[in-house]
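J.: One file: start_11.txt (compact mmCIF, C-alpha atoms).
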# COMPACT_ATOMS: atom_id res chain seq x y z
CA MET Z 1 2.93 -18.75 5.09
CA ALA Z 2 0.43 -19.42 7.84
CA LYS Z 3 -3.03 -20.39 6.69
CA HIS Z 4 -6.46 -19.90 8.26
CA GLU Z 5 -5.58 -16.40 9.42
CA ILE Z 6 -8.33 -13.96 10.29
CA VAL Z 7 -7.79 -10.81 8.23
CA VAL Z 8 -9.72 -7.54 8.02
CA ILE Z 9 -9.34 -5.40 4.90
CA THR Z 10 -10.88 -1.94 4.58
CA GLY Z 11 -11.75 -0.70 1.12
CA ALA Z 12 -12.23 -4.37 0.24
CA SER Z 13 -14.85 -3.92 -2.49
CA ALA Z 14 -12.60 -2.59 -5.26
CA GLY Z 15 -9.13 -1.56 -6.36
CA VAL Z 16 -6.15 -2.41 -4.16
CA GLY Z 17 -8.41 -3.70 -1.40
CA ARG Z 18 -10.13 -6.11 -3.77
CA ALA Z 19 -6.80 -7.36 -5.11
CA ALA Z 20 -5.59 -7.83 -1.52
CA VAL Z 21 -8.73 -9.84 -0.73
CA ARG Z 22 -7.89 -12.20 -3.59
CA GLU Z 23 -4.26 -12.51 -2.48
CA PHE Z 24 -5.10 -13.36 1.12
CA ALA Z 25 -7.91 -15.69 0.02
CA ARG Z 26 -5.45 -17.51 -2.24
CA HIS Z 27 -3.43 -18.31 0.88
CA GLY Z 28 -6.42 -19.63 2.82
CA ALA Z 29 -7.37 -16.64 4.97
CA SER Z 30 -10.79 -15.87 6.38
CA ILE Z 31 -11.55 -12.24 5.67
CA GLY Z 32 -13.69 -9.48 7.11
CA LEU Z 33 -14.64 -7.30 4.14
CA ILE Z 34 -15.11 -3.62 4.99
CA ALA Z 35 -16.35 -1.02 2.50
CA ARG Z 36 -19.52 0.93 1.72
CA GLY Z 37 -20.49 -0.69 -1.60
CA VAL Z 38 -22.52 -3.84 -0.98
CA ASP Z 39 -22.35 -5.01 -4.61
CA GLY Z 40 -18.57 -5.06 -4.58
CA LEU Z 41 -18.46 -6.62 -1.12
CA GLU Z 42 -20.75 -9.46 -2.16
CA ALA Z 43 -18.64 -10.11 -5.25
CA ALA Z 44 -15.51 -10.16 -3.08
CA ARG Z 45 -17.20 -12.60 -0.69
CA ARG Z 46 -17.94 -14.98 -3.57
CA GLU Z 47 -14.30 -14.85 -4.61
CA VAL Z 48 -13.15 -15.74 -1.10
CA LEU Z 49 -15.60 -18.62 -0.91
CA ALA Z 50 -14.47 -19.88 -4.32
CA ALA Z 51 -10.90 -19.93 -2.98
CA GLY Z 52 -12.04 -22.09 -0.07
CA GLY Z 53 -12.04 -19.43 2.62
CA ARG Z 54 -14.63 -17.74 4.79
CA ALA Z 55 -15.77 -14.16 4.30
CA LEU Z 56 -17.91 -11.71 6.23
CA VAL Z 57 -19.53 -8.79 4.41
CA LEU Z 58 -19.41 -5.66 6.59
CA PRO Z 59 -20.97 -2.59 4.93
CA THR Z 60 -19.11 0.15 6.80
CA ASP Z 61 -18.16 3.79 6.36
CA VAL Z 62 -14.68 3.97 7.88
CA ALA Z 63 -15.22 7.67 8.59
CA ASP Z 64 -17.60 6.55 11.36
CA ALA Z 65 -15.64 5.19 14.34
CA ALA Z 66 -18.69 3.43 15.80
CA GLN Z 67 -19.28 1.56 12.54
CA VAL Z 68 -15.64 0.44 12.41
CA GLU Z 69 -15.77 -0.78 16.01
CA ALA Z 70 -18.99 -2.69 15.32
CA ALA Z 71 -17.42 -4.31 12.26
CA ALA Z 72 -14.39 -5.44 14.27
CA GLU Z 73 -16.65 -6.88 16.96
CA ARG Z 74 -18.59 -8.89 14.35
CA VAL Z 75 -15.40 -10.27 12.84
CA GLU Z 76 -14.19 -11.56 16.20
CA ARG Z 77 -17.59 -12.98 17.05
CA GLU Z 78 -18.23 -14.72 13.70
CA LEU Z 79 -14.79 -15.46 12.25
CA GLY Z 80 -12.43 -15.43 15.22
CA PRO Z 81 -9.55 -13.38 16.68
CA ILE Z 82 -8.13 -10.90 14.17
CA ASP Z 83 -4.55 -11.67 13.14
CA ILE Z 84 -4.03 -8.97 10.50
CA TRP Z 85 -5.77 -5.64 9.93
CA VAL Z 86 -5.16 -3.87 6.61
CA ASN Z 87 -5.99 -0.15 6.52
CA ASN Z 88 -6.63 0.69 2.88
CA ALA Z 89 -9.91 2.58 2.35
CA MET Z 90 -9.54 5.95 0.65
CA THR Z 91 -11.27 8.66 -1.30
CA SER Z 92 -10.04 11.74 -3.10
CA VAL Z 93 -11.05 14.83 -5.05
CA PHE Z 94 -9.18 15.91 -8.17
CA SER Z 95 -9.31 19.67 -7.93
CA PRO Z 96 -7.19 22.78 -7.42
CA ILE Z 97 -7.30 23.87 -3.77
CA LYS Z 98 -8.91 27.17 -4.73
CA LYS Z 99 -11.96 25.28 -6.01
CA MET Z 100 -12.28 22.81 -3.13
CA THR Z 101 -14.95 23.13 -0.45
CA VAL Z 102 -14.47 22.78 3.29
CA GLU Z 103 -16.83 19.79 3.26
CA GLU Z 104 -14.72 18.03 0.62
CA PHE Z 105 -11.51 18.47 2.60
CA LYS Z 106 -13.28 17.18 5.71
CA ARG Z 107 -14.67 14.13 3.95
CA VAL Z 108 -11.40 13.08 2.30
CA THR Z 109 -9.56 13.52 5.59
CA GLU Z 110 -12.14 11.54 7.58
CA VAL Z 111 -11.99 8.59 5.18
CA THR Z 112 -8.35 8.53 4.11
CA TYR Z 113 -6.74 9.49 7.42
CA LEU Z 114 -9.19 9.06 10.28
CA GLY Z 115 -10.43 5.81 8.76
CA TYR Z 116 -6.93 4.44 9.41
CA VAL Z 117 -6.98 5.79 12.95
CA TYR Z 118 -10.35 4.21 13.71
CA GLY Z 119 -9.33 0.90 12.15
CA THR Z 120 -6.08 0.86 14.11
CA MET Z 121 -7.84 1.61 17.39
CA ALA Z 122 -10.36 -1.17 16.80
CA ALA Z 123 -7.54 -3.59 15.99
CA LEU Z 124 -5.40 -2.57 18.98
CA LYS Z 125 -8.33 -3.01 21.33
CA ARG Z 126 -8.28 -6.70 20.43
CA MET Z 127 -4.64 -7.37 19.60
CA LEU Z 128 -2.93 -5.75 22.59
CA PRO Z 129 -4.54 -7.96 25.28
CA ARG Z 130 -3.47 -11.03 23.26
CA ASP Z 131 -0.03 -9.52 22.58
CA ARG Z 132 -0.06 -10.51 18.92
CA GLY Z 133 -1.26 -9.19 15.57
CA THR Z 134 -0.19 -7.02 12.66
CA ILE Z 135 -1.58 -3.74 11.34
CA VAL Z 136 -0.65 -2.86 7.75
CA HIS Z 137 -1.09 0.70 6.53
CA VAL Z 138 -1.45 1.04 2.76
CA GLY Z 139 0.41 4.24 2.04
CA SER Z 140 1.68 6.01 -1.03
CA ALA Z 141 4.72 7.78 -2.38
CA LEU Z 142 2.42 10.80 -1.94
CA ALA Z 143 2.84 10.40 1.83
CA TYR Z 144 6.25 11.96 1.23
CA ARG Z 145 5.89 13.89 -2.03
CA SER Z 146 2.66 15.84 -2.52
CA ILE Z 147 1.47 16.62 -6.02
CA PRO Z 148 -0.90 19.31 -7.32
CA LEU Z 149 -4.64 18.67 -7.74
CA GLN Z 150 -4.88 16.14 -4.88
CA ALA Z 151 -4.18 18.26 -1.80
CA ALA Z 152 -6.68 16.58 0.52
CA TYR Z 153 -5.53 13.07 -0.40
CA CYS Z 154 -1.81 13.91 -0.17
CA ALA Z 155 -2.28 15.63 3.18
CA SER Z 156 -4.19 12.61 4.49
CA LYS Z 157 -1.42 10.24 3.41
CA HIS Z 158 1.14 12.49 5.13
CA ALA Z 159 -1.02 12.29 8.26
CA VAL Z 160 -1.16 8.49 8.03
CA LEU Z 161 2.64 8.37 7.89
CA GLY Z 162 2.90 10.53 11.01
CA PHE Z 163 0.31 8.45 12.85
CA PHE Z 164 2.02 5.21 11.84
CA ALA Z 165 5.42 6.43 13.06
CA SER Z 166 3.99 7.32 16.46
CA LEU Z 167 2.20 3.99 16.70
CA ARG Z 168 5.31 2.03 15.77
CA THR Z 169 7.50 3.75 18.34
CA GLU Z 170 4.90 3.25 21.09
CA LEU Z 171 4.64 -0.46 20.32
CA MET Z 172 8.44 -0.73 20.36
CA HIS Z 173 8.63 1.14 23.66
CA ASP Z 174 6.12 -1.25 25.21
CA GLY Z 175 7.94 -4.33 23.92
CA SER Z 176 4.69 -5.39 22.28
CA ASN Z 177 4.34 -8.35 19.94
CA VAL Z 178 1.77 -6.36 18.00
CA HIS Z 179 3.52 -5.04 14.90
CA THR Z 180 2.81 -2.38 12.31
CA THR Z 181 4.30 -1.60 8.91
CA MET Z 182 3.52 0.68 5.98
CA VAL Z 183 3.59 0.01 2.22
CA GLN Z 184 4.25 3.11 0.08
CA MET Z 185 2.48 2.47 -3.22
CA PRO Z 186 3.28 3.72 -6.72
CA ALA Z 187 0.63 4.74 -9.26
CA LEU Z 188 -1.87 1.91 -9.63
CA ASN Z 189 -4.51 0.90 -12.18
CA THR Z 190 -7.60 1.00 -9.95
CA PRO Z 191 -11.19 2.16 -10.55
CA GLN Z 192 -10.71 5.29 -8.43
CA PHE Z 193 -9.82 7.46 -11.43
CA GLY Z 194 -13.27 6.92 -12.87
CA TRP Z 195 -15.26 7.37 -9.70
CA VAL Z 196 -13.62 9.99 -7.48
CA LYS Z 197 -14.98 13.51 -7.69
CA SER Z 198 -13.09 15.53 -10.29
CA ARG Z 199 -12.96 19.11 -11.49
CA LEU Z 200 -10.24 18.38 -14.04
CA PRO Z 201 -10.97 19.42 -17.63
CA ARG Z 202 -9.78 16.02 -18.89
CA LYS Z 203 -10.15 12.47 -17.52
CA ALA Z 204 -7.99 11.62 -14.52
CA GLN Z 205 -5.20 9.08 -14.69
CA PRO Z 206 -2.47 7.74 -12.38
CA VAL Z 207 0.90 9.38 -13.00
CA PRO Z 208 2.92 6.88 -15.10
CA PRO Z 209 4.51 4.42 -14.70
CA ILE Z 210 1.36 2.54 -13.73
CA TYR Z 211 1.23 -0.83 -11.97
CA GLN Z 212 -1.55 -3.37 -11.67
CA PRO Z 213 -3.22 -3.67 -8.24
CA GLU Z 214 -1.93 -7.23 -7.94
CA VAL Z 215 1.57 -5.80 -7.47
CA ALA Z 216 0.23 -3.83 -4.52
CA ALA Z 217 -1.60 -6.88 -3.17
CA ARG Z 218 1.53 -9.02 -3.19
CA ALA Z 219 3.39 -6.27 -1.35
CA ILE Z 220 0.65 -6.01 1.28
CA TYR Z 221 0.59 -9.76 1.85
CA TYR Z 222 4.37 -9.92 2.19
CA ALA Z 223 4.49 -6.92 4.53
CA ALA Z 224 1.76 -8.44 6.71
CA HIS Z 225 3.97 -11.49 7.23
CA HIS Z 226 7.25 -9.57 7.60
CA PRO Z 227 6.09 -6.58 9.69
CA LYS Z 228 9.31 -5.87 11.56
CA ARG Z 229 10.52 -3.86 8.60
CA ARG Z 230 9.33 -0.27 8.92
CA GLU Z 231 8.27 0.40 5.30
CA TYR Z 232 8.09 -1.25 1.90
CA TYR Z 233 8.48 0.41 -1.50
CA PRO Z 234 7.00 -1.93 -4.15
CA ALA Z 235 8.18 0.03 -7.22
CA TRP Z 236 11.20 2.05 -8.27
CA SER Z 237 8.97 5.03 -9.12
CA ALA Z 238 7.95 5.24 -5.45
CA VAL Z 239 11.57 5.05 -4.35
CA LYS Z 240 12.53 7.86 -6.72
CA ALA Z 241 9.66 10.08 -5.58
CA ILE Z 242 10.34 9.55 -1.88
CA PHE Z 243 14.12 9.87 -1.84
CA GLY Z 244 14.23 12.47 -4.60
CA ASN Z 245 11.98 14.64 -2.48
CA LYS Z 246 14.28 14.18 0.51
CA LEU Z 247 17.27 15.32 -1.52
CA VAL Z 248 15.88 18.11 -3.72
CA PRO Z 249 12.35 19.08 -2.64
CA SER Z 250 12.46 22.53 -4.23
CA LEU Z 251 13.49 21.04 -7.56
CA ALA Z 252 10.59 18.57 -7.25
CA ASP Z 253 8.22 21.48 -6.58
CA ARG Z 254 9.27 23.21 -9.78
CA TYR Z 255 9.12 20.01 -11.78
CA LEU Z 256 5.59 19.19 -10.59
CA ALA Z 257 4.41 22.75 -11.13
CA ARG Z 258 5.40 22.24 -14.77
CA THR Z 259 4.28 18.64 -15.33
CA GLY Z 260 1.89 17.68 -12.50
CA TYR Z 261 -1.29 18.90 -14.16
CA ASP Z 262 -0.87 17.20 -17.53
CA SER Z 263 0.55 13.96 -16.11
CA GLN Z 264 -2.67 13.37 -14.15
CA GLN Z 265 -4.98 13.77 -17.16
CA HIS Z 266 -5.53 11.93 -20.43
CA ASP Z 267 -7.93 10.85 -23.15
CA GLY Z 268 -10.32 13.70 -23.79
CA PRO Z 269 -12.70 15.85 -21.74
CA GLU Z 270 -14.16 14.76 -18.41
CA ASP Z 271 -17.91 14.76 -17.87
CA PRO Z 272 -18.41 17.28 -15.03
CA ASN Z 273 -21.72 15.65 -14.11
CA ARG Z 274 -20.59 12.03 -13.91
CA PRO Z 275 -21.43 10.24 -10.63
CA ASN Z 276 -18.74 10.06 -7.94
CA ASN Z 277 -18.31 8.12 -4.71
CA LEU Z 278 -17.28 10.90 -2.34
CA TRP Z 279 -20.46 10.83 -0.28
CA GLU Z 280 -22.14 7.59 -1.32
CA PRO Z 281 -20.83 4.38 -2.94
CA LEU Z 282 -21.53 3.87 -6.63
CA PRO Z 283 -23.69 0.84 -7.42
CA GLY Z 284 -22.23 -2.24 -9.11
CA ASP Z 285 -19.12 -4.35 -8.78
CA HIS Z 286 -16.12 -2.34 -9.97
CA GLY Z 287 -13.49 -5.03 -9.43
CA ALA Z 288 -9.80 -4.45 -8.87
CA HIS Z 289 -8.71 -2.93 -12.19
CA GLY Z 290 -9.28 0.48 -13.66
CA ALA Z 291 -9.20 1.58 -17.30
CA PHE Z 292 -5.43 1.32 -17.82
CA ASP Z 293 -4.80 -2.39 -18.35
CA ASP Z 294 -3.00 -1.74 -21.64
CA ARG Z 295 -0.50 0.55 -19.90
CA ALA Z 296 -0.10 -1.11 -16.49
CA ARG Z 297 2.84 -3.26 -15.46
CA THR Z 298 2.13 -6.65 -13.93
CA SER Z 299 5.42 -6.98 -12.06
CA SER Z 300 8.02 -4.87 -10.30
CA LEU Z 301 11.73 -5.56 -9.97
CA GLU Z 302 11.79 -3.46 -6.81
CA LEU Z 303 9.09 -5.64 -5.23
CA PHE Z 304 11.01 -8.77 -6.21
CA LEU Z 305 14.15 -7.43 -4.58
CA GLU Z 306 12.30 -6.35 -1.43
CA THR Z 307 10.60 -9.72 -1.02
CA HIS Z 308 13.71 -11.81 -1.69
CA VAL Z 309 16.21 -10.09 0.60
CA GLY Z 310 17.23 -13.33 2.32
CA TRP Z 311 17.70 -15.17 -0.96
CA LEU Z 312 19.69 -12.32 -2.46
CA ALA Z 313 21.84 -12.07 0.66
CA ALA Z 314 22.56 -15.81 0.45
CA VAL Z 315 23.52 -15.54 -3.22
CA ALA Z 316 25.71 -12.53 -2.46
CA GLY Z 317 27.30 -14.42 0.43
CA ILE Z 318 28.07 -17.40 -1.79
CA GLY Z 319 29.55 -15.09 -4.41
CA ILE Z 320 31.73 -13.30 -1.87
CA ALA Z 321 32.84 -16.61 -0.35
CA ALA Z 322 33.74 -17.94 -3.79
CA LEU Z 323 35.66 -14.77 -4.61
CA VAL Z 324 37.56 -14.82 -1.30
CA GLY Z 325 38.21 -18.55 -1.63
CA GLY Z 326 39.61 -18.08 -5.11
CA LYS Z 327 41.93 -15.34 -3.95
CA ILE Z 328 43.15 -17.47 -1.04
CA ALA Z 329 43.78 -20.43 -3.34
CA ARG Z 330 45.70 -18.27 -5.77
CA HIS Z 331 47.72 -16.76 -2.92
CA ARG Z 332 48.59 -20.22 -1.54
CA GLY Z 333 49.59 -21.42 -4.98
CA SER Z 334 51.80 -18.42 -5.42
CA SER Z 335 53.36 -18.92 -1.98
CA LEU Z 336 54.14 -22.59 -2.63
CA SER Z 337 55.89 -21.82 -5.89
CA GLU Z 338 58.09 -19.09 -4.43
CA PRO Z 339 60.78 -21.31 -2.73
CA ALA Z 340 61.42 -23.19 -5.97
CA GLN Z 341 61.77 -19.90 -7.77
CA TRP Z 342 64.22 -18.73 -5.14
CA GLY Z 343 66.25 -21.94 -5.54
CA ARG Z 344 66.48 -21.52 -9.27
CA ALA Z 345 67.43 -17.91 -8.83
CA ALA Z 346 70.25 -18.89 -6.49
What is this structure when it is put down as structure tokens?
T.:
Amino acid sequence: MAKHEIVVITGASAGVGRAAVREFARHGASIGLIARGVDGLEAARREVLAAGGRALVLPTDVADAAQVEAAAERVERELGPIDIWVNNAMTSVFSPIKKMTVEEFKRVTEVTYLGYVYGTMAALKRMLPRDRGTIVHVGSALAYRSIPLQAAYCASKHAVLGFFASLRTELMHDGSNVHTTMVQMPALNTPQFGWVKSRLPRKAQPVPPIYQPEVAARAIYYAAHHPKRREYYPAWSAVKAIFGNKLVPSLADRYLARTGYDSQQHDGPEDPNRPNNLWEPLPGDHGAHGAFDDRARTSSLELFLETHVGWLAAVAGIGIAALVGGKIARHRGSSLSEPAQWGRAA
């Protein structure tokens, strides 16, 4: 893949964003690092530098459009023209709707949905005049199939999907060489389950099966370099959730009403007074991984298949050619032997 790209990643200090920083840095990219937590951003910058790249720390709240625009301007001024913009920053609240506040819904929506809008607008402002660039939206199976206890987050991901679809069709209409794609993630082992605001009686967890954030990072990197495909589904669990909901949504409603509460909780009571990052970032470097390393998968067959379509098609083509060739050879052999058989029969 191309090296020395200029990449912007939002939510770069931890979780999927941090894993994506490492993946792009491994391929030689220079990266604008957007998040609120300075400790995590500085740690991410050191990782990029250690990989031989350049990094720019940009403490930014993506819910503030002016801050996002200022960050984009700094990237272009100090690193160069932006080639890839990855919208990834998110926040959530684990809570029944009846216990949520208006302010909480507003905050989650501003970060998890409008943060993508503001990032996209800042990227388009620079990419469209050059007629090149890629915008990657980090989505979720929850963009299609909402679950209980995360209404604000699920609704925001649904909104991102709608925004993305409009953006994609407008770019296609204009014949633009700016591209956009969306990666619908499965459950991931990230720090969010220990730092988002929660009213759950027990500790929050991703709904199994759980994947490591490096699986997500590889999917993001691949999608950024193959953006003509509309969407990517890096795990079979995401495929099942998305297409199962299309086929039998009412059945999924009943299933989640029965299982959706317990499947998002584990391991004893939650501390109702623990710090959370809804309004302010938590201090420290939280890295890419959460507390579920012993249960998280490091690879995905679905991701392998999605990122090796050409190779698989070639193998399938060779197999089909061999099968057809064998049948033709057998048919010719049979045809050549028929006259002799007729002679003997006569």
J.: Go through Z:Thr180, Z:Arg77, Z:Ile242, Z:Gln265 and flag the residue nearest Leu167 in chain Z, using only C-alpha atoms for the distances.
T.: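 Among Z:Thr180, Z:Arg77, Z:Ile242, Z:Gln265, it is Z:Thr180 that comes nearest to Leu167 in chain Z.
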J.: May I have a table of the residues of range 132-235 of chain Z lying at most 9 Å from range 13-22 of chain Z, giving each one's closest pair of atoms and their distance in Å to one decimal, counting all atoms listed in the file, ordered by chain and ascending residue number, as a Markdown table?
T.:
| residue | atom | partner | partner_atom | distance |
| --- | --- | --- | --- | --- |
| Z:Leu188 | CA | Z:Val16 | CA | 8.2 |
| Z:Asn189 | CA | Z:Gly15 | CA | 7.8 |
| Z:Thr190 | CA | Z:Gly15 | CA | 4.7 |
| Z:Pro191 | CA | Z:Gly15 | CA | 6.0 |
| Z:Gln192 | CA | Z:Gly15 | CA | 7.3 |
| Z:Gln212 | CA | Z:Val16 | CA | 8.9 |
| Z:Pro213 | CA | Z:Val16 | CA | 5.2 |
| Z:Glu214 | CA | Z:Ala19 | CA | 5.6 |
| Z:Val215 | CA | Z:Ala19 | CA | 8.8 |
| Z:Ala216 | CA | Z:Val16 | CA | 6.5 |
| Z:Ala217 | CA | Z:Ala20 | CA | 4.4 |
| Z:Arg218 | CA | Z:Ala20 | CA | 7.4 |
| Z:Ile220 | CA | Z:Ala20 | CA | 7.1 |
| Z:Tyr221 | CA | Z:Ala20 | CA | 7.3 |
J.: Set the distance at 7 Å and use only C-alpha atoms: which residues neighbour Ala55 in chain Z once local chain neighbours fewer than 5 positions away are removed? I'd like the list as a list in words.
T.: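 Answer for this query is Ser30, Ile31, Gly32, Leu33, Arg45, Val48 and Leu49 of chain Z.
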J.: Take CA of Pro148 in chain Z and CA of Gly244 in chain Z and report the distance between them in Å, one decimal.
T.: 16.8 Å
J.: Give as a list in words each residue that has an atom at most 7 Å from (-11.1, 11.0, -2.9) in the file, counting all atoms listed in the file.
T.: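 Output of the proximity query reads Met90, Thr91, Ser92, Val93, Val108, Tyr153, Val196, Lys197 and Leu278 of chain Z.
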J.: When you look at Ala252 in chain Z with a cut-off of 12 Å (counting all atoms listed in the file), what residues show up, excluding the ones that are within fewer than 5 positions of it in the same chain? I need them as a ChimeraX atom specification.
T.: /Z:144-148,240-247,257-260
J.: Neighbours of Val8 in chain Z within 12 Å (only C-alpha atoms; same-chain residues fewer than 4 positions away dropped), as a PDB file with C-alpha atoms, in the frame of the given file?
T.:
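Once everything was written out, this is selection-v9.pdb:
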ATOM      1  CA  ALA Z  12     -12.230  -4.370   0.240  1.00  0.00           C
ATOM      2  CA  GLY Z  17      -8.410  -3.700  -1.400  1.00  0.00           C
ATOM      3  CA  ARG Z  18     -10.130  -6.110  -3.770  1.00  0.00           C
ATOM      4  CA  ALA Z  20      -5.590  -7.830  -1.520  1.00  0.00           C
ATOM      5  CA  VAL Z  21      -8.730  -9.840  -0.730  1.00  0.00           C
ATOM      6  CA  PHE Z  24      -5.100 -13.360   1.120  1.00  0.00           C
ATOM      7  CA  ALA Z  25      -7.910 -15.690   0.020  1.00  0.00           C
ATOM      8  CA  ALA Z  29      -7.370 -16.640   4.970  1.00  0.00           C
ATOM      9  CA  SER Z  30     -10.790 -15.870   6.380  1.00  0.00           C
ATOM     10  CA  ILE Z  31     -11.550 -12.240   5.670  1.00  0.00           C
ATOM     11  CA  GLY Z  32     -13.690  -9.480   7.110  1.00  0.00           C
ATOM     12  CA  LEU Z  33     -14.640  -7.300   4.140  1.00  0.00           C
ATOM     13  CA  ILE Z  34     -15.110  -3.620   4.990  1.00  0.00           C
ATOM     14  CA  ALA Z  35     -16.350  -1.020   2.500  1.00  0.00           C
ATOM     15  CA  ARG Z  54     -14.630 -17.740   4.790  1.00  0.00           C
ATOM     16  CA  ALA Z  55     -15.770 -14.160   4.300  1.00  0.00           C
ATOM     17  CA  LEU Z  56     -17.910 -11.710   6.230  1.00  0.00           C
ATOM     18  CA  VAL Z  57     -19.530  -8.790   4.410  1.00  0.00           C
ATOM     19  CA  LEU Z  58     -19.410  -5.660   6.590  1.00  0.00           C
ATOM     20  CA  VAL Z  68     -15.640   0.440  12.410  1.00  0.00           C
ATOM     21  CA  ALA Z  71     -17.420  -4.310  12.260  1.00  0.00           C
ATOM     22  CA  ALA Z  72     -14.390  -5.440  14.270  1.00  0.00           C
ATOM     23  CA  GLU Z  73     -16.650  -6.880  16.960  1.00  0.00           C
ATOM     24  CA  ARG Z  74     -18.590  -8.890  14.350  1.00  0.00           C
ATOM     25  CA  VAL Z  75     -15.400 -10.270  12.840  1.00  0.00           C
ATOM     26  CA  GLU Z  76     -14.190 -11.560  16.200  1.00  0.00           C
ATOM     27  CA  LEU Z  79     -14.790 -15.460  12.250  1.00  0.00           C
ATOM     28  CA  GLY Z  80     -12.430 -15.430  15.220  1.00  0.00           C
ATOM     29  CA  PRO Z  81      -9.550 -13.380  16.680  1.00  0.00           C
ATOM     30  CA  ILE Z  82      -8.130 -10.900  14.170  1.00  0.00           C
ATOM     31  CA  ASP Z  83      -4.550 -11.670  13.140  1.00  0.00           C
ATOM     32  CA  ILE Z  84      -4.030  -8.970  10.500  1.00  0.00           C
ATOM     33  CA  TRP Z  85      -5.770  -5.640   9.930  1.00  0.00           C
ATOM     34  CA  VAL Z  86      -5.160  -3.870   6.610  1.00  0.00           C
ATOM     35  CA  ASN Z  87      -5.990  -0.150   6.520  1.00  0.00           C
ATOM     36  CA  ASN Z  88      -6.630   0.690   2.880  1.00  0.00           C
ATOM     37  CA  ALA Z  89      -9.910   2.580   2.350  1.00  0.00           C
ATOM     38  CA  GLY Z 119      -9.330   0.900  12.150  1.00  0.00           C
ATOM     39  CA  THR Z 120      -6.080   0.860  14.110  1.00  0.00           C
ATOM     40  CA  ALA Z 122     -10.360  -1.170  16.800  1.00  0.00           C
ATOM     41  CA  ALA Z 123      -7.540  -3.590  15.990  1.00  0.00           C
ATOM     42  CA  GLY Z 133      -1.260  -9.190  15.570  1.00  0.00           C
ATOM     43  CA  THR Z 134      -0.190  -7.020  12.660  1.00  0.00           C
ATOM     44  CA  ILE Z 135      -1.580  -3.740  11.340  1.00  0.00           C
ATOM     45  CA  VAL Z 136      -0.650  -2.860   7.750  1.00  0.00           C
ATOM     46  CA  ALA Z 224       1.760  -8.440   6.710  1.00  0.00           C
TER      47      ALA Z 224
END
J.: Find the residue from Z:Ser156, Z:Asn276, Z:Gln150, Z:Thr307 that sits nearest to Ala223 in chain Z; use only C-alpha atoms when measuring.
T.: Z:Thr307
J.: Which residues are near Met182 in chain Z? Cut-off 6 Å, only C-alpha atoms, ignore same chain within fewer than 4 positions. Put them as a PyMOL selection string.
T.: chain Z and resi 136-138+231
J.: Between Z:Tyr211, Z:Tyr255, Z:Tyr232, Z:Tyr222, which one has atoms that come closest to Arg297 in chain Z, using only C-alpha atoms?
T.: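 Nearest to Arg297 in chain Z: Z:Tyr211.
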J.: In Å, rounded to a single decimal, give me how far CA of Ser95 in chain Z is from CA of Arg199 in chain Z.
T.: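 These two atoms are separated by 5.1 Å.
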J.: Using all atoms listed in the file, which of the listed residues (Z:Val111, Z:Leu128, Z:Ala238, Z:Cys154) sits closest to Ala187 in chain Z?
T.: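 The answer is Z:Ala238, which sits nearest to Ala187 in chain Z.
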J.: Select, from Z:Leu301, Z:Ala288, Z:Leu124, Z:Ala235, the residue with the minimum atom-to-atom distance to Leu41 in chain Z, counting only C-alpha atoms.
T.: Z:Ala288
J.: Counting only C-alpha atoms, which residues sit no farther than 9 Å from the position (-0.9, 7.1, -4.6) in the file's frame? I'd like them as a PyMOL selection string.
T.: chain Z and resi 139-143+153-154+157+184-188+206-207
J.: Identify which of the residues Z:Pro59, Z:Phe164, Z:Asn273, Z:Pro234 lies closest to Glu42 in chain Z, counting only C-alpha atoms when measuring atom-to-atom distances.
T.: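 Checking each candidate against Glu42 in chain Z, we get Z:Pro59 as the closest.
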J.: For the atom pair CA of Ser299 in chain Z and CA of Val239 in chain Z, what is the interatomic distance in Å to one decimal place?
T.: 15.6 Å
